[in-house]
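Asker: What follows is upload-v4.pdb, made up of PDB, C-alpha atoms:
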ATOM      1  CA  MET S   1     -71.805 -14.598  -0.970
ATOM      2  CA  VAL S   2     -68.116 -14.479  -0.024
ATOM      3  CA  SER S   3     -66.068 -17.617  -0.681
ATOM      4  CA  ALA S   4     -64.095 -19.054   2.269
ATOM      5  CA  LYS S   5     -61.078 -19.128   0.000
ATOM      6  CA  HIS S   6     -61.312 -15.416  -0.555
ATOM      7  CA  PRO S   7     -62.104 -13.604   2.710
ATOM      8  CA  PRO S   8     -63.026  -9.950   2.445
ATOM      9  CA  LEU S   9     -60.121  -7.544   2.291
ATOM     10  CA  LYS S  10     -59.461  -5.520   5.405
ATOM     11  CA  SER S  11     -59.830  -1.834   4.881
ATOM     12  CA  VAL S  12     -56.551   0.062   5.405
ATOM     13  CA  SER S  13     -56.625   3.599   6.649
ATOM     14  CA  ARG S  14     -54.922   6.001   4.296
ATOM     15  CA  LEU S  15     -53.461   7.689   7.352
ATOM     16  CA  GLU S  16     -51.359   4.630   8.187
ATOM     17  CA  PRO S  17     -48.184   4.214   6.101
ATOM     18  CA  SER S  18     -47.417   0.847   4.593
ATOM     19  CA  PRO S  19     -44.630  -1.209   6.237
ATOM     20  CA  THR S  20     -42.384  -0.331   3.299
ATOM     21  CA  ARG S  21     -43.030   3.397   3.664
ATOM     22  CA  ALA S  22     -42.620   3.181   7.451
ATOM     23  CA  PHE S  23     -39.196   1.543   7.075
ATOM     24  CA  LEU S  24     -38.081   4.100   4.503
ATOM     25  CA  ASP S  25     -39.289   6.970   6.671
ATOM     26  CA  GLU S  26     -37.365   5.600   9.665
ATOM     27  CA  LEU S  27     -34.231   5.174   7.575
ATOM     28  CA  VAL S  28     -34.452   8.711   6.222
ATOM     29  CA  ALA S  29     -34.931  10.012   9.773
ATOM     30  CA  ALA S  30     -31.859   8.066  10.955
ATOM     31  CA  LEU S  31     -29.742   9.428   8.113
ATOM     32  CA  GLY S  32     -30.989  12.922   8.900
ATOM     33  CA  GLU S  33     -29.554  12.793  12.415
ATOM     34  CA  ILE S  34     -25.994  12.068  11.252
ATOM     35  CA  ASP S  35     -23.460  14.568  12.592
ATOM     36  CA  GLU S  36     -21.773  15.971   9.472
ATOM     37  CA  ARG S  37     -18.870  17.380  11.496
ATOM     38  CA  ALA S  38     -18.180  13.941  12.946
ATOM     39  CA  VAL S  39     -18.149  12.509   9.423
ATOM     40  CA  GLU S  40     -15.646  15.140   8.312
ATOM     41  CA  ARG S  41     -13.418  14.414  11.324
ATOM     42  CA  ILE S  42     -13.304  10.740  10.425
ATOM     43  CA  VAL S  43     -12.567  11.569   6.787
ATOM     44  CA  GLY S  44      -9.712  13.746   8.020
ATOM     45  CA  LEU S  45      -8.340  10.946  10.197
ATOM     46  CA  LEU S  46      -8.316   8.578   7.235
ATOM     47  CA  ALA S  47      -6.642  11.157   5.000
ATOM     48  CA  ASP S  48      -3.982  11.723   7.665
ATOM     49  CA  ALA S  49      -3.413   7.961   7.961
ATOM     50  CA  HIS S  50      -3.054   7.717   4.194
ATOM     51  CA  ARG S  51      -0.523  10.525   4.110
ATOM     52  CA  ALA S  52       1.507   9.093   7.003
ATOM     53  CA  GLY S  53       1.379   5.473   5.823
ATOM     54  CA  ARG S  54      -0.540   4.295   8.880
ATOM     55  CA  ALA S  55      -2.828   1.264   8.924
ATOM     56  CA  VAL S  56      -6.604   1.179   9.230
ATOM     57  CA  LEU S  57      -8.248  -1.841  10.877
ATOM     58  CA  ILE S  58     -12.020  -2.322  10.660
ATOM     59  CA  MET S  59     -14.273  -4.909  12.317
ATOM     60  CA  GLY S  60     -17.822  -5.869  13.234
ATOM     61  CA  ASN S  61     -20.135  -8.825  13.926
ATOM     62  CA  GLY S  62     -22.886 -10.224  11.733
ATOM     63  CA  GLY S  63     -24.321  -7.572   9.436
ATOM     64  CA  SER S  64     -21.681  -5.166  10.743
ATOM     65  CA  ALA S  65     -19.003  -7.660   9.667
ATOM     66  CA  ALA S  66     -20.344  -7.445   6.121
ATOM     67  CA  THR S  67     -20.230  -3.654   6.283
ATOM     68  CA  ALA S  68     -16.687  -3.763   7.706
ATOM     69  CA  SER S  69     -15.552  -5.921   4.767
ATOM     70  CA  HIS S  70     -17.300  -3.597   2.327
ATOM     71  CA  PHE S  71     -15.749  -0.543   4.003
ATOM     72  CA  ALA S  72     -12.223  -1.970   3.781
ATOM     73  CA  CYS S  73     -12.778  -2.850   0.118
ATOM     74  CA  ASP S  74     -14.065   0.612  -0.748
ATOM     75  CA  LEU S  75     -11.297   2.469   1.109
ATOM     76  CA  GLN S  76      -8.627   0.394  -0.598
ATOM     77  CA  ALA S  77     -10.191   1.039  -3.987
ATOM     78  CA  ALA S  78     -10.435   4.770  -3.239
ATOM     79  CA  ALA S  79      -6.648   4.965  -2.862
ATOM     80  CA  ARG S  80      -5.759   2.706  -5.770
ATOM     81  CA  SER S  81      -4.014   5.413  -7.785
ATOM     82  CA  GLY S  82      -0.667   6.574  -6.430
ATOM     83  CA  LYS S  83      -0.057   6.190  -2.718
ATOM     84  CA  ARG S  84      -2.016   3.288  -1.213
ATOM     85  CA  LEU S  85      -3.936   2.999   2.046
ATOM     86  CA  ARG S  86      -3.114   0.024   4.263
ATOM     87  CA  VAL S  87      -6.571  -1.147   5.309
ATOM     88  CA  SER S  88      -7.992  -4.496   6.366
ATOM     89  CA  SER S  89     -11.114  -6.005   7.901
ATOM     90  CA  LEU S  90     -10.370  -8.194  10.934
ATOM     91  CA  ASN S  91     -13.436 -10.375  10.422
ATOM     92  CA  ASP S  92     -12.306 -11.584   6.993
ATOM     93  CA  ASN S  93      -9.651 -14.168   7.965
ATOM     94  CA  VAL S  94     -11.873 -17.096   8.950
ATOM     95  CA  PRO S  95      -9.038 -19.453  10.026
ATOM     96  CA  VAL S  96      -7.632 -16.813  12.387
ATOM     97  CA  LEU S  97     -11.099 -15.876  13.639
ATOM     98  CA  THR S  98     -12.083 -19.463  14.382
ATOM     99  CA  ALA S  99      -8.714 -20.353  15.928
ATOM    100  CA  LEU S 100      -8.943 -17.433  18.329
ATOM    101  CA  ALA S 101     -12.587 -18.200  19.124
ATOM    102  CA  ASN S 102     -11.727 -21.838  19.797
ATOM    103  CA  ASP S 103      -8.572 -21.175  21.829
ATOM    104  CA  LEU S 104      -9.353 -17.937  23.648
ATOM    105  CA  GLY S 105     -13.094 -17.375  23.307
ATOM    106  CA  TYR S 106     -15.105 -15.330  20.838
ATOM    107  CA  GLU S 107     -14.843 -12.277  23.060
ATOM    108  CA  ASN S 108     -11.129 -12.078  22.154
ATOM    109  CA  VAL S 109     -11.225 -12.607  18.382
ATOM    110  CA  PHE S 110     -10.684  -8.927  17.589
ATOM    111  CA  SER S 111      -8.574  -7.742  20.528
ATOM    112  CA  GLU S 112      -5.947 -10.408  19.824
ATOM    113  CA  GLN S 113      -5.723  -9.371  16.177
ATOM    114  CA  VAL S 114      -5.513  -5.709  17.160
ATOM    115  CA  ALA S 115      -2.677  -6.459  19.593
ATOM    116  CA  SER S 116      -0.786  -8.306  16.833
ATOM    117  CA  ASN S 117      -1.320  -5.797  14.032
ATOM    118  CA  VAL S 118      -1.814  -2.269  15.374
ATOM    119  CA  ALA S 119       0.812   0.407  16.006
ATOM    120  CA  ALA S 120       0.625   3.804  17.644
ATOM    121  CA  GLY S 121      -1.174   6.264  15.378
ATOM    122  CA  ASP S 122      -3.043   3.614  13.405
ATOM    123  CA  ILE S 123      -6.832   3.846  13.153
ATOM    124  CA  VAL S 124      -9.172   1.165  14.484
ATOM    125  CA  ILE S 125     -12.800   1.411  13.330
ATOM    126  CA  VAL S 126     -15.542  -0.650  14.961
ATOM    127  CA  LEU S 127     -19.033  -1.032  13.531
ATOM    128  CA  THR S 128     -21.680  -2.206  15.967
ATOM    129  CA  ALA S 129     -25.426  -1.730  16.005
ATOM    130  CA  SER S 130     -25.793  -2.222  19.757
ATOM    131  CA  GLY S 131     -22.468  -0.742  20.841
ATOM    132  CA  ASP S 132     -22.273  -3.508  23.448
ATOM    133  CA  SER S 133     -20.578  -6.472  21.729
ATOM    134  CA  GLU S 134     -17.899  -7.703  24.114
ATOM    135  CA  ASN S 135     -15.377  -8.581  21.402
ATOM    136  CA  VAL S 136     -15.684  -5.085  19.948
ATOM    137  CA  LEU S 137     -15.315  -3.420  23.356
ATOM    138  CA  ARG S 138     -12.168  -5.445  24.052
ATOM    139  CA  ALA S 139     -10.787  -4.499  20.636
ATOM    140  CA  VAL S 140     -11.283  -0.808  21.386
ATOM    141  CA  ARG S 141      -9.486  -1.159  24.722
ATOM    142  CA  ALA S 142      -6.609  -3.040  23.076
ATOM    143  CA  ALA S 143      -6.323  -0.378  20.375
ATOM    144  CA  SER S 144      -6.195   2.387  22.973
ATOM    145  CA  ASP S 145      -3.562   0.485  24.961
ATOM    146  CA  HIS S 146      -1.373   0.425  21.838
ATOM    147  CA  GLY S 147      -1.816   4.121  21.071
ATOM    148  CA  ALA S 148      -4.200   3.747  18.138
ATOM    149  CA  VAL S 149      -7.001   6.189  17.337
ATOM    150  CA  THR S 150     -10.404   4.566  17.781
ATOM    151  CA  VAL S 151     -13.578   5.272  15.802
ATOM    152  CA  GLY S 152     -17.022   3.879  16.539
ATOM    153  CA  ILE S 153     -19.840   3.755  14.001
ATOM    154  CA  LEU S 154     -22.639   2.900  16.382
ATOM    155  CA  GLY S 155     -26.381   2.472  16.838
ATOM    156  CA  PHE S 156     -28.782   2.132  19.758
ATOM    157  CA  GLY S 157     -27.513   5.433  21.177
ATOM    158  CA  GLY S 158     -23.932   4.176  21.188
ATOM    159  CA  GLY S 159     -24.031   1.592  23.954
ATOM    160  CA  ARG S 160     -20.921   1.100  26.055
ATOM    161  CA  ALA S 161     -18.676   1.666  23.053
ATOM    162  CA  ARG S 162     -19.603   5.340  22.892
ATOM    163  CA  ALA S 163     -17.627   6.159  26.037
ATOM    164  CA  LEU S 164     -14.602   4.117  24.927
ATOM    165  CA  VAL S 165     -13.897   5.382  21.408
ATOM    166  CA  ASP S 166     -12.083   8.610  20.531
ATOM    167  CA  HIS S 167     -14.531   9.508  17.764
ATOM    168  CA  ALA S 168     -18.126   8.325  17.409
ATOM    169  CA  LEU S 169     -20.866   8.438  14.812
ATOM    170  CA  VAL S 170     -24.010   7.501  16.706
ATOM    171  CA  LEU S 171     -27.527   6.617  15.560
ATOM    172  CA  GLN S 172     -30.355   6.575  18.088
ATOM    173  CA  SER S 173     -32.467   3.931  16.350
ATOM    174  CA  ARG S 174     -32.787   0.607  18.177
ATOM    175  CA  LYS S 175     -33.760  -1.373  15.084
ATOM    176  CA  PHE S 176     -31.011  -3.467  13.554
ATOM    177  CA  GLY S 177     -32.288  -3.112   9.992
ATOM    178  CA  ILE S 178     -32.381   0.672  10.224
ATOM    179  CA  VAL S 179     -28.981   0.956  11.924
ATOM    180  CA  GLU S 180     -27.205  -1.444   9.575
ATOM    181  CA  SER S 181     -28.722   0.211   6.501
ATOM    182  CA  ALA S 182     -27.604   3.618   7.747
ATOM    183  CA  HIS S 183     -24.123   2.273   8.559
ATOM    184  CA  SER S 184     -23.811   1.047   4.979
ATOM    185  CA  ALA S 185     -24.673   4.535   3.749
ATOM    186  CA  LEU S 186     -22.159   6.017   6.194
ATOM    187  CA  GLU S 187     -19.295   3.875   4.928
ATOM    188  CA  HIS S 188     -20.033   5.073   1.398
ATOM    189  CA  LEU S 189     -20.269   8.670   2.594
ATOM    190  CA  ILE S 190     -16.948   8.453   4.448
ATOM    191  CA  THR S 191     -15.248   6.695   1.540
ATOM    192  CA  ASP S 192     -16.476   9.348  -0.879
ATOM    193  CA  GLY S 193     -15.143  12.083   1.384
ATOM    194  CA  PHE S 194     -11.817  10.274   1.740
ATOM    195  CA  ARG S 195     -11.503   9.878  -2.036
ATOM    196  CA  ARG S 196     -12.121  13.581  -2.574
ATOM    197  CA  ARG S 197      -9.783  14.585   0.257
ATOM    198  CA  ILE S 198      -6.767  12.649  -1.026
ATOM    199  CA  ALA S 199      -7.427  13.827  -4.582
ATOM    200  CA  HIS S 200      -7.320  17.468  -3.408
ATOM    201  CA  PRO S 201      -5.198  17.555  -0.235
TER     202      PRO S 201
END
As structure tokens, please, write out the structure in this file.
Answerer:
Amino acid sequence: MVSAKHPPLKSVSRLEPSPTRAFLDELVAALGEIDERAVERIVGLLADAHRAGRAVLIMGNGGSAATASHFACDLQAAARSGKRLRVSSLNDNVPVLTALANDLGYENVFSEQVASNVAAGDIVIVLTASGDSENVLRAVRAASDHGAVTVGILGFGGGRARALVDHALVLQSRKFGIVESAHSALEHLITDGFRRRIAHP
């Protein structure tokens, strides 16, 4: 007799992957679709900015904000010996972010910072899973208006951001966990390429 506290286990088909395996398989598939030439172009842009003393501004919302902060940290550390790279994450200054959100609306928190800090030839990198965040789209437009080079690290097929940026790395997945995990890997991949490029120009 089966106890009510211990119902019979459901049989699981061996043909169906576990949720863990399914996630890992999706992540591997997403990483496999990355355009290596696009990665190398972005590495080259960063190396050029480093050589010319230009600034790099990075931003994102939510999980992408965490990746933007991580990216800025890693790029700065990669150029710690000798000539430095001027790089910052625009979502890190909470007083500025909240002041702009309160005074001008959250849709302007990045574009206002871009307008205040970017110069022609600088690089502006946006990370967005959906590619449709209004504050990110406005930041890209502001960067272009000031003559900066724009880079989008995108998911969901790129969203509206894909048509606005100068250079795009696009994932097709429409799952936030997959896209954000892949974006984290991409920032490490780009940083590693940048570190090697400036070590052997």
Asker: Step by step, work through what the PyMOL selection byres ((chain S and resi 91-94) around 7) selects in the shown file, and finish by giving those residues as number ranges by chain.
Answerer: S: 59-60, 65, 69, 89-90, 95-98
Asker: Hey, what comes out of the PyMOL selection byres ((chain S and resi 112) around 10) on this file? Could you write it as a ChimeraX atom specification?
Answerer: /S:96-97,100,104,107-111,113-117,135,138-139,142
Asker: Show me as a PyMOL selection string the residues that reach within 9 Å of (-14.1, 9.8, 16.4), counting only C-alpha atoms and using the file's own coordinates.
Answerer: chain S and resi 38-39+41-42+45+149-153+165-169
Asker: Please produce a file of those selected residues containing C-alpha atoms, as a PDB file, in the coordinates of the input.
Answerer:
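Result went into out.pdb, see below:
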ATOM      1  CA  ALA S  38     -18.180  13.941  12.946  1.00  0.00           C
ATOM      2  CA  VAL S  39     -18.149  12.509   9.423  1.00  0.00           C
ATOM      3  CA  ARG S  41     -13.418  14.414  11.324  1.00  0.00           C
ATOM      4  CA  ILE S  42     -13.304  10.740  10.425  1.00  0.00           C
ATOM      5  CA  LEU S  45      -8.340  10.946  10.197  1.00  0.00           C
ATOM      6  CA  VAL S 149      -7.001   6.189  17.337  1.00  0.00           C
ATOM      7  CA  THR S 150     -10.404   4.566  17.781  1.00  0.00           C
ATOM      8  CA  VAL S 151     -13.578   5.272  15.802  1.00  0.00           C
ATOM      9  CA  GLY S 152     -17.022   3.879  16.539  1.00  0.00           C
ATOM     10  CA  ILE S 153     -19.840   3.755  14.001  1.00  0.00           C
ATOM     11  CA  VAL S 165     -13.897   5.382  21.408  1.00  0.00           C
ATOM     12  CA  ASP S 166     -12.083   8.610  20.531  1.00  0.00           C
ATOM     13  CA  HIS S 167     -14.531   9.508  17.764  1.00  0.00           C
ATOM     14  CA  ALA S 168     -18.126   8.325  17.409  1.00  0.00           C
ATOM     15  CA  LEU S 169     -20.866   8.438  14.812  1.00  0.00           C
TER      16      LEU S 169
END
Asker: How many Å separate CA of Val43 (chain S) from CA of Phe23 (chain S)?
Answerer: 28.5 Å
Asker: Starting from the displayed file, determine the output of the PyMOL selection byres ((chain S and resi 183) around 10) and express the residue list as number ranges by chain.
Answerer: S: 30-31, 63-64, 67-68, 71, 127-129, 153-155, 169-171, 177-182, 184-189
Asker: Considering all atoms listed in the file, tabulate each residue of region 14-57 of chain S that lies at most 9 Å from region 75-84 of chain S along with its nearest interatomic pair and the corresponding distance in Å to one decimal; arrange the rows by chain and ascending residue number and present them as a Markdown table.
Answerer:
| residue | atom | partner | partner_atom | distance |
| --- | --- | --- | --- | --- |
| S:His50 | CA | S:Arg84 | CA | 7.1 |
| S:Arg51 | CA | S:Lys83 | CA | 8.1 |
| S:Gly53 | CA | S:Arg84 | CA | 8.1 |
